[in-house]
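Some notes on the structure that comes next.
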Amino acid sequence: MTIRILLIDDHSLFRSGVRQLLQREADLEIVAEAADGVEGIKRAKEYRPDVILLDLNMPGLSGLETLQLLVQDLPQTAVIILTVSEEADELGQALRDGARGYLIKNIEAEALTAAIRRAHKGEPVIADSMTAKLVAQFRAQPSAAPSPSAPAERDRLTTREREIVQCLARGESNKEIARNLDVAESTVKIHVQNILKKLNLSSRVQVAVYAVEHGMSGEQG
């Protein structure tokens with residue numbers, strides 16, 4: 001099954017680079033491009049893509065304004081913000097407005113293609129470097145009362161898994177966690193999958209937010 005992609009970005013050189021990258025993947029196809037938000041919305045309605053890669057900083061209609069209209073008109077399409085902006089406010093606003101992902105333009109090629117596939121499956125995709133900022137935003141909001149089920153959920157986790165939860169709450173990547181805990185990166189991946197299953201969550205970002213919400217982000221041992 002081919003994932004059909006619309007690329008909206010005002011830099012033609014960047015669009016060209018992304019197009020060449022995605023053309024190498026048999027299951028990914030850029031069906032259209034647009035240089036601004038107005039054109040992007042037009043192309044989105046015309047081609048009905050599965051995934052849209054959207055820049056934030058564009059002339060005329062802003063990326064966030066474009067996002068709001070895209071989500072309104074094509075609710076089934078996964079919109080991924082692909083930007084140079086690492087501002088927490090823009091990250092939070094994009095997620096509130098319905099973006100399924102927020103990636104930084106220095107992303108590795110393999111990570112970008114993997115993120116597109118995950119977003120198409122309905123999973124949220126957020127750059128590892130932005131996870132800590134998302135958690136910080138969550139911390140700044142008025143906290144709700146702790147869930148009474150939190151102790152039981154925490155008890156399902158092993159000591160090592162609780163350590164990894166703390167690392168995820170700090171926004172660390174698998175490679176950083178592996179280095180800090182002196183374990184193999186493959187082992188970290190297995191632990192993360194087990195954590196997701198035990199907590200009934202679908203992404204490492206959700207684990208990080210869960211950790212803050214339930215007081216697990218700084219627990220010891």
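Just so we're on the same page: first chain in the structure tokens is A, next is B, and so on; residues restart at 1 for each chain, and ligands are numbered from 1 in the order they show up.
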Within 7 Å of segment 37-39 of chain A, counting only C-alpha atoms, which residues show up once you throw out same-chain ones fewer than 6 positions away? Write them as a PDB file with all heavy atoms, in the first residue's frame, please.
```pdb
ATOM      1  N   LEU A  61      -0.467  32.934   4.519  1.00  0.00           N
ATOM      2  CA  LEU A  61      -1.117  32.096   5.516  1.00  0.00           C
ATOM      3  C   LEU A  61      -0.052  31.327   6.296  1.00  0.00           C
ATOM      4  O   LEU A  61       0.769  30.624   5.712  1.00  0.00           O
ATOM      5  CB  LEU A  61      -2.066  31.123   4.805  1.00  0.00           C
ATOM      6  CG  LEU A  61      -3.197  30.494   5.619  1.00  0.00           C
ATOM      7  CD1 LEU A  61      -4.153  31.557   6.122  1.00  0.00           C
ATOM      8  CD2 LEU A  61      -3.937  29.469   4.768  1.00  0.00           C
ATOM      9  N   SER A  62      -0.056  31.457   7.610  1.00  0.00           N
ATOM     10  CA  SER A  62       0.977  30.805   8.414  1.00  0.00           C
ATOM     11  C   SER A  62       0.764  29.292   8.452  1.00  0.00           C
ATOM     12  O   SER A  62      -0.313  28.787   8.103  1.00  0.00           O
ATOM     13  CB  SER A  62       0.956  31.342   9.843  1.00  0.00           C
ATOM     14  OG  SER A  62      -0.169  30.835  10.549  1.00  0.00           O
ATOM     15  N   GLY A  63       1.796  28.579   8.912  1.00  0.00           N
ATOM     16  CA  GLY A  63       1.690  27.136   9.017  1.00  0.00           C
ATOM     17  C   GLY A  63       0.593  26.699   9.960  1.00  0.00           C
ATOM     18  O   GLY A  63      -0.149  25.756   9.681  1.00  0.00           O
ATOM     19  N   THR A  66      -2.745  27.315   8.367  1.00  0.00           N
ATOM     20  CA  THR A  66      -2.934  26.278   7.346  1.00  0.00           C
ATOM     21  C   THR A  66      -3.316  24.957   7.994  1.00  0.00           C
ATOM     22  O   THR A  66      -4.212  24.251   7.523  1.00  0.00           O
ATOM     23  CB  THR A  66      -1.644  26.098   6.523  1.00  0.00           C
ATOM     24  OG1 THR A  66      -1.271  27.349   5.932  1.00  0.00           O
ATOM     25  CG2 THR A  66      -1.839  25.071   5.416  1.00  0.00           C
TER      26      THR A  66
END
```
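Residues in contact range of Tyr210 of chain A, defined as at most 9 Å between only C-alpha atoms, with sequence neighbours fewer than 5 positions away removed, read Ala169, Leu199, Val205, Gly215, Met216 and Ser217 of chain A.
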Residues as selected, all heavy atoms, written as a compact mmCIF listing (two decimals), in the first residue's frame, can you do that?
```txt
# COMPACT_ATOMS: atom_id res chain seq x y z
N ALA A 169 10.86 10.92 30.49
CA ALA A 169 10.30 12.18 30.98
C ALA A 169 11.27 13.33 30.78
O ALA A 169 10.87 14.49 30.71
CB ALA A 169 9.93 12.05 32.45
N LEU A 199 1.40 0.18 30.49
CA LEU A 199 0.67 1.40 30.82
C LEU A 199 -0.46 1.69 29.83
O LEU A 199 -1.15 2.70 29.95
CB LEU A 199 1.63 2.59 30.87
CG LEU A 199 2.74 2.52 31.93
CD1 LEU A 199 3.60 3.78 31.88
CD2 LEU A 199 2.15 2.33 33.32
N VAL A 205 6.08 9.78 24.05
CA VAL A 205 5.63 11.09 24.52
C VAL A 205 4.53 10.94 25.55
O VAL A 205 4.52 11.62 26.59
CB VAL A 205 5.14 11.96 23.34
CG1 VAL A 205 4.54 13.25 23.84
CG2 VAL A 205 6.28 12.25 22.38
N GLY A 215 3.63 11.72 39.03
CA GLY A 215 4.74 11.88 39.95
C GLY A 215 5.85 10.86 39.79
O GLY A 215 6.56 10.56 40.76
N MET A 216 6.04 10.34 38.60
CA MET A 216 7.06 9.32 38.38
C MET A 216 8.31 9.87 37.72
O MET A 216 9.29 9.16 37.54
CB MET A 216 6.50 8.17 37.53
CG MET A 216 5.36 7.42 38.16
SD MET A 216 4.66 6.16 37.04
CE MET A 216 6.07 5.07 36.84
N SER A 217 8.29 11.13 37.31
CA SER A 217 9.41 11.65 36.53
C SER A 217 10.67 11.84 37.34
O SER A 217 11.77 11.92 36.80
CB SER A 217 9.03 12.99 35.89
OG SER A 217 8.65 13.93 36.89
```
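Atom pair atom CA of His11 of chain A / atom CA of Ile116 of chain A: separated by 20.1 Å.
Shortest atom-to-atom contact with Leu70 of chain A among A:Lys121, A:Arg96, A:His214, A:Arg48: A:Arg48, counting only C-alpha atoms.
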